[in-house]
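S.K.: Quick one: structure below, then a few questions.
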Amino acid sequence: ACNVVNNLTYIDDIYSWGIFSYDKVNDNVRGSLRSRGPIVNEVATKYNGGGHIYAAGVRVKEFKEIDNLIMDLDEVCKLYIEDKNK
């Protein structure tokens, strides 16, 4: 999943994204977040993760938590776009 997550880097209309997979051994969902501007590691810390400003990882118990994470990423992107357009 780590190599695949970088494939979206060159799509201009996408500012942040993530790839998620179920880890059967540890019974959790692991995710990799990437960004072309918005800071994603702050979002990742809310979901048992962390990392770099534009590349971070998360680990949650269930896929339903990913819906909230995506809403948080959307909010970070909206703020980034607003700041960028000032």
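Chain identifiers are assigned as A, B, and so on, following the order in which chains appear in the structure tokens; residues are numbered from 1 within each chain, and ligands are numbered from 1 in order of appearance.
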Per DSSP on the backbone, filter chain A down to the residues in helix (DSSP H, G or I) and report them as a ChimeraX atom specification.
M.R.: /A:2-10,41-45,64-84
S.K.: If I take CA of Leu79 (chain A) and CA of Thr9 (chain A), how far is one from the other in Å, to one decimal?
M.R.: 19.4 Å
S.K.: When you look at region 18-25 of chain A with a cut-off of 7 Å (counting only C-alpha atoms), what residues show up, excluding the ones that are within fewer than 6 positions of it in the same chain? I need them as number ranges by chain.
M.R.: A: 1, 5, 31-34
S.K.: How far is it from CA of Ala56 (chain A) to CA of Asn41 (chain A), in Å with one decimal?
M.R.: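 Between these atoms lies a distance of 5.3 Å.
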S.K.: Skip Leu8 (chain A) itself and residues of its chain fewer than 5 positions away, then list as a list in words all residues within 10 Å of it, counting only C-alpha atoms.
M.R.: Asp13, Ile14, Tyr15, Ser16, Trp17, Gly18, Arg34, Ser35 and Arg36 of chain A
S.K.: Pick from A:Pro38, A:Asp83, A:Ile53, A:Arg30: nearest to Glu65 (chain A), with only C-alpha atoms counted?
M.R.: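 Among the listed residues, A:Arg30 lies closest to Glu65 (chain A).
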S.K.: Suppose you want the space between CA of Asp27 (chain A) and CA of Asp74 (chain A); what is it in Å?
M.R.: 26.6 Å
